[in-house]
Amino acid sequence: MMPALFQVLPLVVIWLALGAVGIVIQAYVRNTKLVFGYYLGTLALTAILAVVTAGAKGTMFSGMITTGGYANFFDVLFCSAGILSMIAARPYLQRLDGELDEFYTLLVSAVTGMMLMAHSNHMLVTFIGVELMSISFYVMSGFLRSDIRSVEAALKYFLLGAFASGFLVYGMALIYGATGSLEFGAIGSAVVSDALRFPVLFAIGATLLVIGFCFKIAAFPFHQWAPDVYEGAPTAVTAFMSTGGKAAAFSALIPIASVVMAGDSVVTGQMQLMVAIVSAVTMLVGNISAIAQSNVKRMLAYSSIAHAGYMLMGIVNGTTSGSEAIVFYATAYTFMQIGAFVIVGILEREEGGHLQLDDYAGLGKRQPVLAALMSIFLFSLAGIPPLGGFFGKYLLFVSAIDAGFTWLTIVAVASSVISVWFYLGLVVKMYFTEPSGDTSESPSGIAAITLAVSTVAVIALGIVPGWITSVIRSWPPMLTP
Amino acid sequence: MGVFSLLCTLFVPLAGSLAVLLIDRNQGKAIRLTALAVSLVTFALSLLMLVSFDASSSAMQFVVNTSWIASIDAGFRVGVDGTSLLLVLLTTFVMPIALLTSFTSIKKQEKEYYMLLLLLQFGMTGVFMALDTFLFYVFWEVILIPMYFIIGIWGGKDRVYAAVKFFLYTLVGSLLMLLAIIWLGFYGDAAGVGFTTDLMKLRMVAPAIGIEAQTWLFLAFALAFCIKVPLFPLHTWLPDAHVQAPTAGSVILAAVLLKMGTYGLIRFNLELFPAASAAWAAPISILAVVGIVYGALVAMVQTDVKKLVAYSSVSHLGFVVLGIFSLTVEGIQGAVIQMVNHGLSTGMLFLCVGVLYERRHTREISEYGGVTSAMPRFAVFFAIAMFASVGLPGLNGFVGEYLTLLGAFRSPYLNSWWYAIVSASGVIFAAVYLLWMFQRVMFGKNDNPENHHLRDLTTSEYWQLAPLVVFIVWIGVYPHTFMRLSEQSVRAVVGHVMHHTSMSTPPSASVTPR
């Protein structure tokens, strides 16, 4: 029994630390610093355990949970995103007078949900993970209670999120009806061996599932919630939601898509085409809408929609090379997007002040370091080498061309060019215009740690991507249905 | 030693830019001198490469081949042949001059400026050395960021527009090239060498690609390069970028950045897609000829000196492209030497315009007149630059233009005299617009009171212009010194194209890489 439990140590530890110890500490000790430190330690320990147990590949709990490799990589990514966001959130919330212990509890509970999603080998586990993450996010979005925009974001997110969860469950139910199982492996073999009892039900179920996930990753046409929620939520939360949340949704989508699209039937081809079209439209809509924004937070929100579109290119491929590309891109994206949002958070003032493009005028002169880092993140988001975002995009292009979807890569290229327009627009503001208006200094506090780590990560992922790709390559093929 | 100097030439500027980053921003003098010292050391190191270079071989020399990203077989593969060596030397030679000219003209944010300039040098050198399509692409794009900031922060009135236009134009072309690079990688897999970006491997298998696919690949690469050259009608970013950039930016842009495009055409289009190159030789040459005439005619009506020089670049680069796509040894040799020539003479013209601008803060031709009487020594240098650009025999421009026209005449692929005949008119037009400009600026009556007491050349300006004159005359009188370097590489390329198009009997030159 012991060695078996060893495999799931990261999940068990974070679960116990959160549910058994964390809540108790919070009930009796009102010491924010202690809670903050405790959860920081929890995430760090979980990440270390995930690295230690990465080699223990297998399934646990009657095949409901997978361990090792892929899932552990995402554990580390989620914990890193959690740690980085937490560090950046503290000075931000203190400044806006909204710091409560529960914020950190919710953040760790969201990380737990994400980890469940990555570890899932069973639709129900996926669903529990999705809900655990989403419910934490709903509350976190509304965390600045006195700010009407924050409350609005929370409500909107909750209503639409609950609706999308309905799609997910319904899709799962129909797939269960068609295949007789909720376990990924069993579904996969049913698809491959053409043993579907009701192919039509299966197709509808798979489509509903994709719709549910499209909502979670904010892909067209279910993306409308994202700009409002990302803009209204506290910036520190947005940083975490738009990166960890998106990466988690992909970590769950990759195995599901690989079983649903496992066969060479007509359905598979149509699903591929559907995902390809969704991907193409998502990146175009995200980038074109971002051009029209004058609010930086909203602009980054739209751009994050486009990034979901890029990552969907990897799903189209359906093979290992596609998921590799997504994993790499999600990693790079997490660091560059957190970095960008944290800088936005540092510059932000009460009641959504200092979020307009014009407020960034002359930042290169006022705060040269912040401006330089922001430029690095923006260039990486735009996919300019030698930064992490470029290499991720390269891998995605490779996988899409491999799958025979050259037209999709051409659309991706076109939308990349469009995206450069608004990323450069912000750089132009920062460097090529003179400072104007309120130009008070904004101290970054401990968020500087987040920025330093993200910058190093973004540059390292671009210059020595081999470190990550060789880790990804070392995993056994995703699923063998 | 060759490998050592090659790696140093590549990485010393990068190290230098990091060193500048560490200097306190108030130490303006230390920043300037560090940057200059770094560029001079780099130049010296690049000369070491010249010493151990074997000009009798067409193979890549000083090759470094290390694994970089194993999963996609992208390697850190660098090396030089004669063509790239000439361009690397041009880069390292022009850089100290560009830095020197910035000493007086750049007043704000010096630290960032010199850091970016050295970063730019790193990227440019890398482009000429890369022997891996992925690595090449990375260097190609790395250049965008420093150049974008140099134009955007230290440029003229419409600098933002020019900087963004420069960035977007280049990016559109290069992203399609990236797709072609990926496609080629998969072709390598199908052809039995595995998914690869190794240029040497691809060079062996790529010419066998079917003509239809080859055409698309050829066009994807050619678009990226022709935007950079720039070939008519893709040239519209150039006048904006040139006019708005600070003097050093214009010099580097003209001397080196544009050459990346023409270099890419030789290195990638001709070597990887010989059949498509032969098929597209005529259409591209027509565009080149149109560019020669169009650039010259537009230059003629400019009222702004810098814009005039910028359009003259469009015209001069047309000769280079024409030479390349004549697909003959004479033509490509002419094109290579013309790349160097254009770097020297147009770079010098931009320096001269910078000298005038610094004194009067205007570039309008009508503002000047009779400047010779106030600046006699400057007039000599300006005249040399102008005559070199016109193509006066005895100076460098003549050699390159003569050879490219000869190549166009003799080309079996173009197979018509009209290319050479029409382009030759470009030489005449060049004489017209340059001499006319020179006459209006330098001669006549000095009747604008502001021009009465212009200061003649300073010591620093002498040092910027004099080295250029040495090489302008040297190439004009004895081009063999330089052409000898690239001769074998060019023969190999032409042989490679002929071999794959069966245009005539395969030549004796070896085309198999090591």
# chains A, B, ... in the order shown; residues from 1 in each chain; ligands from 1
call {"tool": "residues_around", "arguments": {"residues": "B:Gly354", "least_positions_apart": "3", "cutoff": "10 Å", "atoms": "only C-alpha atoms", "output": "PDB file with N, CA and C atoms, in the first residue's frame"}}
result
ATOM      1  N   THR B 101      29.685  57.932 -35.214  1.00  0.00           N
ATOM      2  CA  THR B 101      28.824  59.020 -35.670  1.00  0.00           C
ATOM      3  C   THR B 101      27.706  59.298 -34.675  1.00  0.00           C
ATOM      4  N   SER B 105      25.553  62.839 -32.097  1.00  0.00           N
ATOM      5  CA  SER B 105      24.150  63.055 -32.479  1.00  0.00           C
ATOM      6  C   SER B 105      23.169  62.470 -31.473  1.00  0.00           C
ATOM      7  N   PRO B 246      17.888  57.673 -37.006  1.00  0.00           N
ATOM      8  CA  PRO B 246      19.053  58.527 -36.781  1.00  0.00           C
ATOM      9  C   PRO B 246      20.156  58.125 -37.756  1.00  0.00           C
ATOM     10  N   THR B 247      21.166  58.974 -37.921  1.00  0.00           N
ATOM     11  CA  THR B 247      22.178  58.722 -38.961  1.00  0.00           C
ATOM     12  C   THR B 247      22.767  57.318 -38.853  1.00  0.00           C
ATOM     13  N   ALA B 248      23.143  56.915 -37.627  1.00  0.00           N
ATOM     14  CA  ALA B 248      23.750  55.592 -37.479  1.00  0.00           C
ATOM     15  C   ALA B 248      22.778  54.506 -37.917  1.00  0.00           C
ATOM     16  N   SER B 250      20.416  54.760 -40.183  1.00  0.00           N
ATOM     17  CA  SER B 250      20.353  54.737 -41.649  1.00  0.00           C
ATOM     18  C   SER B 250      21.575  54.059 -42.226  1.00  0.00           C
ATOM     19  N   VAL B 251      22.733  54.361 -41.650  1.00  0.00           N
ATOM     20  CA  VAL B 251      23.962  53.765 -42.180  1.00  0.00           C
ATOM     21  C   VAL B 251      23.896  52.256 -42.057  1.00  0.00           C
ATOM     22  N   LYS B 306      17.968  63.041 -47.774  1.00  0.00           N
ATOM     23  CA  LYS B 306      18.005  61.690 -47.222  1.00  0.00           C
ATOM     24  C   LYS B 306      17.053  60.765 -47.980  1.00  0.00           C
ATOM     25  N   MET B 348      28.287  55.897 -46.726  1.00  0.00           N
ATOM     26  CA  MET B 348      29.019  57.165 -46.680  1.00  0.00           C
ATOM     27  C   MET B 348      28.121  58.338 -47.039  1.00  0.00           C
ATOM     28  N   LEU B 349      27.232  58.129 -48.029  1.00  0.00           N
ATOM     29  CA  LEU B 349      26.307  59.210 -48.375  1.00  0.00           C
ATOM     30  C   LEU B 349      25.438  59.576 -47.166  1.00  0.00           C
ATOM     31  N   PHE B 350      24.963  58.557 -46.464  1.00  0.00           N
ATOM     32  CA  PHE B 350      24.146  58.858 -45.287  1.00  0.00           C
ATOM     33  C   PHE B 350      24.952  59.588 -44.225  1.00  0.00           C
ATOM     34  N   LEU B 351      26.231  59.223 -44.089  1.00  0.00           N
ATOM     35  CA  LEU B 351      27.081  59.938 -43.134  1.00  0.00           C
ATOM     36  C   LEU B 351      27.197  61.402 -43.531  1.00  0.00           C
ATOM     37  N   TYR B 357      23.081  67.622 -41.741  1.00  0.00           N
ATOM     38  CA  TYR B 357      21.903  67.750 -40.884  1.00  0.00           C
ATOM     39  C   TYR B 357      22.288  68.256 -39.505  1.00  0.00           C
ATOM     40  N   GLU B 358      23.419  67.767 -39.023  1.00  0.00           N
ATOM     41  CA  GLU B 358      23.860  68.169 -37.690  1.00  0.00           C
ATOM     42  C   GLU B 358      24.113  69.670 -37.619  1.00  0.00           C
ATOM     43  N   ARG B 359      24.537  70.243 -38.730  1.00  0.00           N
ATOM     44  CA  ARG B 359      24.859  71.674 -38.724  1.00  0.00           C
ATOM     45  C   ARG B 359      23.633  72.547 -38.960  1.00  0.00           C
ATOM     46  N   ARG B 360      22.733  72.080 -39.799  1.00  0.00           N
ATOM     47  CA  ARG B 360      21.614  72.936 -40.184  1.00  0.00           C
ATOM     48  C   ARG B 360      20.252  72.420 -39.718  1.00  0.00           C
ATOM     49  N   HIS B 361      20.160  71.183 -39.292  1.00  0.00           N
ATOM     50  CA  HIS B 361      18.908  70.558 -38.864  1.00  0.00           C
ATOM     51  C   HIS B 361      17.815  70.629 -39.914  1.00  0.00           C
ATOM     52  N   THR B 362      18.234  70.518 -41.142  1.00  0.00           N
ATOM     53  CA  THR B 362      17.261  70.375 -42.218  1.00  0.00           C
ATOM     54  C   THR B 362      17.884  69.503 -43.290  1.00  0.00           C
ATOM     55  N   ARG B 363      17.026  68.831 -44.040  1.00  0.00           N
ATOM     56  CA  ARG B 363      17.545  68.012 -45.130  1.00  0.00           C
ATOM     57  C   ARG B 363      16.988  68.469 -46.468  1.00  0.00           C
TER      58      ARG B 363
END
call {"tool": "select_by_dssp", "arguments": {"residues": "stretch 43-148 of chain A", "states": "helix (DSSP H, G or I)", "output": "MDAnalysis selection string"}}
result
chainID A and resid 43:55 70:95 101:119 123:141 148
call {"tool": "write_last_selection", "arguments": {"atoms": "C-alpha atoms", "output": "mmCIF file, in the first residue's frame"}}
result
data_model
loop_
_atom_site.group_PDB
_atom_site.id
_atom_site.type_symbol
_atom_site.label_atom_id
_atom_site.label_comp_id
_atom_site.auth_asym_id
_atom_site.auth_seq_id
_atom_site.Cartn_x
_atom_site.Cartn_y
_atom_site.Cartn_z
ATOM 1 C CA LEU A 43 2.454 24.888 -2.801
ATOM 2 C CA ALA A 44 6.226 24.683 -2.768
ATOM 3 C CA LEU A 45 6.140 21.300 -1.018
ATOM 4 C CA THR A 46 3.542 20.011 -3.458
ATOM 5 C CA ALA A 47 5.656 21.114 -6.398
ATOM 6 C CA ILE A 48 8.710 19.378 -4.956
ATOM 7 C CA LEU A 49 6.742 16.188 -4.325
ATOM 8 C CA ALA A 50 5.420 16.323 -7.864
ATOM 9 C CA VAL A 51 8.975 16.447 -9.166
ATOM 10 C CA VAL A 52 10.027 13.584 -6.886
ATOM 11 C CA THR A 53 7.128 11.350 -7.907
ATOM 12 C CA ALA A 54 7.279 12.270 -11.591
ATOM 13 C CA GLY A 55 8.705 8.890 -12.516
ATOM 14 C CA TYR A 70 2.265 14.533 -17.803
ATOM 15 C CA ALA A 71 0.115 15.092 -14.718
ATOM 16 C CA ASN A 72 3.076 15.874 -12.497
ATOM 17 C CA PHE A 73 4.441 18.354 -14.982
ATOM 18 C CA PHE A 74 1.168 20.220 -14.784
ATOM 19 C CA ASP A 75 1.239 19.970 -10.970
ATOM 20 C CA VAL A 76 4.523 21.837 -11.000
ATOM 21 C CA LEU A 77 3.182 24.372 -13.462
ATOM 22 C CA PHE A 78 0.012 25.028 -11.430
ATOM 23 C CA CYS A 79 1.941 25.303 -8.182
ATOM 24 C CA SER A 80 4.429 27.706 -9.795
ATOM 25 C CA ALA A 81 1.601 29.801 -11.197
ATOM 26 C CA GLY A 82 -0.034 29.711 -7.764
ATOM 27 C CA ILE A 83 3.128 30.743 -5.948
ATOM 28 C CA LEU A 84 3.899 33.522 -8.418
ATOM 29 C CA SER A 85 0.352 34.879 -8.275
ATOM 30 C CA MET A 86 0.247 34.657 -4.500
ATOM 31 C CA ILE A 87 3.463 36.614 -4.092
ATOM 32 C CA ALA A 88 2.232 39.266 -6.482
ATOM 33 C CA ALA A 89 -1.253 39.330 -4.957
ATOM 34 C CA ARG A 90 -0.138 40.252 -1.449
ATOM 35 C CA PRO A 91 1.151 43.786 -2.126
ATOM 36 C CA TYR A 92 -1.656 44.315 -4.623
ATOM 37 C CA LEU A 93 -4.437 43.413 -2.201
ATOM 38 C CA GLN A 94 -2.804 45.321 0.626
ATOM 39 C CA ARG A 95 -2.675 48.426 -1.508
ATOM 40 C CA ASP A 101 -6.798 35.202 4.737
ATOM 41 C CA GLU A 102 -9.460 33.413 2.734
ATOM 42 C CA PHE A 103 -7.965 34.676 -0.504
ATOM 43 C CA TYR A 104 -4.998 32.368 -0.126
ATOM 44 C CA THR A 105 -7.208 29.449 0.892
ATOM 45 C CA LEU A 106 -9.267 29.900 -2.237
ATOM 46 C CA LEU A 107 -6.174 30.172 -4.383
ATOM 47 C CA VAL A 108 -4.798 26.895 -3.069
ATOM 48 C CA SER A 109 -8.179 25.232 -3.473
ATOM 49 C CA ALA A 110 -8.194 26.367 -7.093
ATOM 50 C CA VAL A 111 -4.748 24.823 -7.525
ATOM 51 C CA THR A 112 -6.083 21.593 -6.038
ATOM 52 C CA GLY A 113 -8.901 21.572 -8.573
ATOM 53 C CA MET A 114 -6.457 22.143 -11.399
ATOM 54 C CA MET A 115 -4.280 19.294 -10.223
ATOM 55 C CA LEU A 116 -7.290 16.980 -10.162
ATOM 56 C CA MET A 117 -8.039 17.961 -13.737
ATOM 57 C CA ALA A 118 -4.523 17.122 -14.851
ATOM 58 C CA HIS A 119 -4.492 13.840 -12.927
ATOM 59 C CA MET A 123 -14.842 12.032 -16.483
ATOM 60 C CA LEU A 124 -16.162 12.429 -12.948
ATOM 61 C CA VAL A 125 -12.764 13.363 -11.582
ATOM 62 C CA THR A 126 -12.427 15.871 -14.372
ATOM 63 C CA PHE A 127 -15.768 17.333 -13.453
ATOM 64 C CA ILE A 128 -14.928 17.570 -9.766
ATOM 65 C CA GLY A 129 -11.655 19.259 -10.657
ATOM 66 C CA VAL A 130 -13.353 21.738 -12.972
ATOM 67 C CA GLU A 131 -15.929 22.640 -10.350
ATOM 68 C CA LEU A 132 -13.432 22.962 -7.518
ATOM 69 C CA MET A 133 -11.350 25.307 -9.619
ATOM 70 C CA SER A 134 -14.269 27.287 -11.017
ATOM 71 C CA ILE A 135 -16.041 27.835 -7.697
ATOM 72 C CA SER A 136 -12.808 29.131 -6.194
ATOM 73 C CA PHE A 137 -12.456 31.460 -9.160
ATOM 74 C CA TYR A 138 -16.030 32.756 -8.861
ATOM 75 C CA VAL A 139 -15.346 33.894 -5.321
ATOM 76 C CA MET A 140 -11.876 35.246 -6.071
ATOM 77 C CA SER A 141 -13.223 37.342 -8.967
ATOM 78 C CA ILE A 148 -18.796 47.185 -8.227
#
call {"tool": "closest_atom_pairs", "arguments": {"of": "chain B", "to": "chain A", "cutoff": "8 Å", "atoms": "only C-alpha atoms", "output": "JSON lines"}}
result
{"residue": "B:Trp68", "atom": "CA", "partner": "A:Gly466", "partner_atom": "CA", "distance": 7.1}
{"residue": "B:Ile69", "atom": "CA", "partner": "A:Gly466", "partner_atom": "CA", "distance": 4.6}
{"residue": "B:Ala70", "atom": "CA", "partner": "A:Gly466", "partner_atom": "CA", "distance": 6.4}
{"residue": "B:Ser71", "atom": "CA", "partner": "A:Thr469", "partner_atom": "CA", "distance": 6.6}
{"residue": "B:Val138", "atom": "CA", "partner": "A:Pro385", "partner_atom": "CA", "distance": 5.5}
{"residue": "B:Glu141", "atom": "CA", "partner": "A:Pro385", "partner_atom": "CA", "distance": 6.2}
{"residue": "B:Val142", "atom": "CA", "partner": "A:Pro385", "partner_atom": "CA", "distance": 6.2}
{"residue": "B:Gly152", "atom": "CA", "partner": "A:Phe432", "partner_atom": "CA", "distance": 6.1}
{"residue": "B:Ile153", "atom": "CA", "partner": "A:Phe432", "partner_atom": "CA", "distance": 5.6}
{"residue": "B:Val160", "atom": "CA", "partner": "A:Phe432", "partner_atom": "CA", "distance": 6.9}
{"residue": "B:Val164", "atom": "CA", "partner": "A:Leu424", "partner_atom": "CA", "distance": 7.5}
{"residue": "B:Leu168", "atom": "CA", "partner": "A:Val417", "partner_atom": "CA", "distance": 7.0}
{"residue": "B:Leu171", "atom": "CA", "partner": "A:Val417", "partner_atom": "CA", "distance": 6.9}
{"residue": "B:Val172", "atom": "CA", "partner": "A:Val417", "partner_atom": "CA", "distance": 6.5}
{"residue": "B:Leu175", "atom": "CA", "partner": "A:Val413", "partner_atom": "CA", "distance": 6.2}
{"residue": "B:Leu176", "atom": "CA", "partner": "A:Val413", "partner_atom": "CA", "distance": 7.2}
{"residue": "B:Leu179", "atom": "CA", "partner": "A:Phe397", "partner_atom": "CA", "distance": 7.4}
{"residue": "B:Ile182", "atom": "CA", "partner": "A:Val398", "partner_atom": "CA", "distance": 6.1}
{"residue": "B:Trp183", "atom": "CA", "partner": "A:Ile401", "partner_atom": "CA", "distance": 7.3}
{"residue": "B:Phe186", "atom": "CA", "partner": "A:Asp402", "partner_atom": "CA", "distance": 7.7}
call {"tool": "residues_around", "arguments": {"residues": "B:Ser326", "least_positions_apart": "5", "cutoff": "7 Å", "atoms": "only C-alpha atoms", "output": "PyMOL selection string"}}
result
chain B and resi 281+331+407-408+411+413-414
call {"tool": "residues_around", "arguments": {"residues": "B:Gly343", "least_positions_apart": "3", "cutoff": "9 Å", "atoms": "only C-alpha atoms", "output": "number ranges by chain"}}
result
B: 90, 94, 251-252, 254-256, 258-259, 338-340, 346-348
call {"tool": "atom_distance", "arguments": {"atom1": "atom CA of B:Val470", "atom2": "atom CA of B:Ser345"}}
result
11.3 Å
call {"tool": "residues_around", "arguments": {"residues": "stretch 228-241 of chain B", "least_positions_apart": "3", "cutoff": "8 Å", "atoms": "only C-alpha atoms", "output": "PyMOL selection string"}}
result
chain B and resi 151+159+162-163+165-166+169-170+224-225+244-245+250+257-262+287-288+290-291+307+310-311+314+317-318+321
call {"tool": "write_last_selection", "arguments": {"atoms": "N, CA and C atoms", "output": "CSV table (one decimal), in the first residue's frame"}}
result
chain,number,residue,atom,x,y,z
B,151,ILE,N,14.9,53.2,-34.4
B,151,ILE,CA,14.1,54.2,-35.2
B,151,ILE,C,13.1,54.9,-34.3
B,159,ARG,N,8.7,59.1,-36.5
B,159,ARG,CA,9.5,57.9,-36.2
B,159,ARG,C,8.6,56.7,-35.8
B,162,ALA,N,7.1,55.1,-38.9
B,162,ALA,CA,8.2,54.4,-39.6
B,162,ALA,C,8.6,53.1,-38.9
B,163,ALA,N,8.7,53.2,-37.6
B,163,ALA,CA,9.2,52.0,-36.8
B,163,ALA,C,8.2,50.9,-36.9
B,165,LYS,N,5.9,50.4,-39.1
B,165,LYS,CA,5.8,50.0,-40.5
B,165,LYS,C,6.9,49.0,-40.8
B,166,PHE,N,8.1,49.4,-40.4
B,166,PHE,CA,9.3,48.5,-40.6
B,166,PHE,C,9.1,47.2,-39.9
B,169,TYR,N,6.1,45.1,-41.7
B,169,TYR,CA,6.4,44.6,-43.1
B,169,TYR,C,7.3,43.4,-43.0
B,170,THR,N,8.4,43.6,-42.1
B,170,THR,CA,9.3,42.5,-42.1
B,170,THR,C,8.7,41.2,-41.5
B,224,ALA,N,10.0,37.0,-47.9
B,224,ALA,CA,10.7,37.6,-46.8
B,224,ALA,C,11.9,38.3,-47.2
B,225,PHE,N,12.7,37.8,-48.1
B,225,PHE,CA,13.9,38.4,-48.5
B,225,PHE,C,13.7,39.7,-49.3
B,244,GLN,N,13.5,58.5,-41.2
B,244,GLN,CA,13.2,58.8,-39.8
B,244,GLN,C,14.3,58.3,-38.9
B,245,ALA,N,15.1,57.3,-39.3
B,245,ALA,CA,16.1,56.7,-38.4
B,245,ALA,C,17.2,57.8,-38.2
B,250,SER,N,20.4,54.8,-40.2
B,250,SER,CA,20.4,54.7,-41.6
B,250,SER,C,21.6,54.1,-42.2
B,257,LEU,N,21.6,45.9,-43.2
B,257,LEU,CA,20.3,45.2,-43.1
B,257,LEU,C,19.7,44.8,-44.4
B,258,LEU,N,19.9,45.7,-45.4
B,258,LEU,CA,19.3,45.4,-46.7
B,258,LEU,C,20.0,44.2,-47.3
B,259,LYS,N,21.3,44.0,-47.0
B,259,LYS,CA,22.1,42.9,-47.5
B,259,LYS,C,21.6,41.6,-47.0
B,260,MET,N,20.9,41.6,-45.9
B,260,MET,CA,20.4,40.3,-45.3
B,260,MET,C,19.5,39.7,-46.3
B,261,GLY,N,18.7,40.6,-47.0
B,261,GLY,CA,17.7,40.1,-48.0
B,261,GLY,C,18.4,39.4,-49.2
B,262,THR,N,19.4,40.2,-49.7
B,262,THR,CA,20.0,39.7,-50.9
B,262,THR,C,20.9,38.4,-50.6
B,287,LEU,N,11.0,42.6,-62.1
B,287,LEU,CA,10.8,43.5,-60.9
B,287,LEU,C,12.0,44.3,-60.6
B,288,ALA,N,13.2,43.6,-60.6
B,288,ALA,CA,14.4,44.3,-60.3
B,288,ALA,C,14.7,45.4,-61.3
B,290,VAL,N,12.4,47.0,-63.1
B,290,VAL,CA,11.5,48.1,-62.8
B,290,VAL,C,11.9,48.9,-61.6
B,291,GLY,N,12.4,48.2,-60.6
B,291,GLY,CA,12.9,48.9,-59.4
B,291,GLY,C,14.1,49.8,-59.7
B,307,LYS,N,15.9,61.3,-48.3
B,307,LYS,CA,14.9,60.5,-49.1
B,307,LYS,C,15.5,60.2,-50.5
B,310,ALA,N,17.7,57.4,-50.0
B,310,ALA,CA,17.0,56.2,-49.7
B,310,ALA,C,16.4,55.6,-51.0
B,311,TYR,N,15.9,56.4,-51.9
B,311,TYR,CA,15.3,55.9,-53.2
B,311,TYR,C,16.5,55.4,-54.0
B,314,VAL,N,16.9,51.8,-53.4
B,314,VAL,CA,16.0,50.9,-54.1
B,314,VAL,C,16.5,50.6,-55.5
B,317,LEU,N,19.9,48.4,-55.2
B,317,LEU,CA,19.6,47.0,-54.8
B,317,LEU,C,19.0,46.2,-56.0
B,318,GLY,N,18.3,47.0,-56.8
B,318,GLY,CA,17.7,46.3,-58.0
B,318,GLY,C,18.9,45.7,-58.8
B,321,VAL,N,19.8,42.4,-57.2
B,321,VAL,CA,18.8,41.3,-57.4
B,321,VAL,C,18.9,40.8,-58.9
call {"tool": "closest_residue", "arguments": {"among": "B:Leu356, B:Ala420, B:Ile97, B:Leu184", "to": "B:Ile286", "atoms": "only C-alpha atoms"}}
result
B:Ala420
call {"tool": "closest_residue", "arguments": {"among": "B:Met115, B:Val298, B:Leu10, B:Ile365", "to": "B:Met437", "atoms": "only C-alpha atoms"}}
result
B:Ile365
call {"tool": "closest_residue", "arguments": {"among": "B:Leu270, B:Leu253, B:Ile284, B:Ala98", "to": "B:Leu465", "atoms": "only C-alpha atoms"}}
result
B:Ala98
call {"tool": "residues_around", "arguments": {"residues": "A:Met60", "least_positions_apart": "5", "cutoff": "9 Å", "atoms": "only C-alpha atoms", "output": "list in words"}}
result
Ala4, Leu5, Gln7, Val8, Ile65, Thr66 and Thr67 of chain A
call {"tool": "residues_around", "arguments": {"residues": "B:Leu327", "least_positions_apart": "5", "cutoff": "12 Å", "atoms": "only C-alpha atoms", "output": "compact mmCIF listing (two decimals) with C-alpha atoms, in the first residue's frame"}}
result
# COMPACT_ATOMS: atom_id res chain seq x y z
CA LEU B 265 18.24 34.97 -51.78
CA ILE B 266 21.63 33.48 -52.59
CA ASN B 269 16.51 30.46 -52.59
CA LEU B 270 19.24 29.53 -55.04
CA GLU B 271 20.72 26.70 -53.02
CA PRO B 274 17.35 25.81 -57.88
CA ALA B 275 14.62 24.73 -60.27
CA SER B 277 14.85 29.92 -58.98
CA ALA B 278 15.47 29.28 -62.65
CA ALA B 279 11.74 29.35 -63.38
CA TRP B 280 11.25 32.59 -61.49
CA ALA B 281 14.45 34.26 -62.65
CA ALA B 282 12.69 36.25 -65.35
CA ILE B 284 11.95 38.61 -60.43
CA SER B 285 14.48 40.17 -62.75
CA VAL B 320 22.02 43.26 -56.93
CA VAL B 321 18.83 41.27 -57.41
CA LEU B 322 19.25 41.35 -61.18
CA ILE B 332 26.35 36.84 -58.77
CA GLN B 333 29.96 37.87 -58.24
CA GLY B 334 28.89 41.34 -59.31
CA ALA B 335 25.94 41.17 -56.96
CA THR B 404 25.85 42.53 -62.90
CA LEU B 406 27.46 41.59 -67.91
CA GLY B 407 25.78 38.73 -66.06
CA ALA B 408 22.34 39.88 -67.18
CA PHE B 409 23.58 40.06 -70.78
CA ARG B 410 25.04 36.59 -70.78
CA SER B 411 22.45 34.84 -68.67
CA PRO B 412 21.01 31.73 -70.32
CA TYR B 413 18.06 31.94 -67.91
CA LEU B 414 17.01 35.46 -68.79
CA ASN B 415 17.96 35.02 -72.42
CA VAL B 490 29.68 31.75 -56.13
CA ARG B 491 30.91 29.21 -58.65
CA ALA B 492 29.57 26.47 -56.43
CA VAL B 493 26.14 28.09 -56.22
CA VAL B 494 25.93 28.62 -59.96
CA GLY B 495 27.10 25.06 -60.55
CA HIS B 496 24.47 23.83 -58.12
CA VAL B 497 21.69 25.66 -59.95
CA MET B 498 22.91 24.51 -63.36
CA THR B 501 18.15 22.69 -64.03
CA MET B 503 20.76 24.20 -68.33
call {"tool": "atom_distance", "arguments": {"atom1": "atom CA of B:Tyr433", "atom2": "atom CA of B:Ser366"}}
result
14.6 Å
call {"tool": "closest_residue", "arguments": {"among": "B:Ala208, B:Ile145, B:Leu272, B:Val329", "to": "A:Ala382", "atoms": "only C-alpha atoms"}}
result
B:Ile145
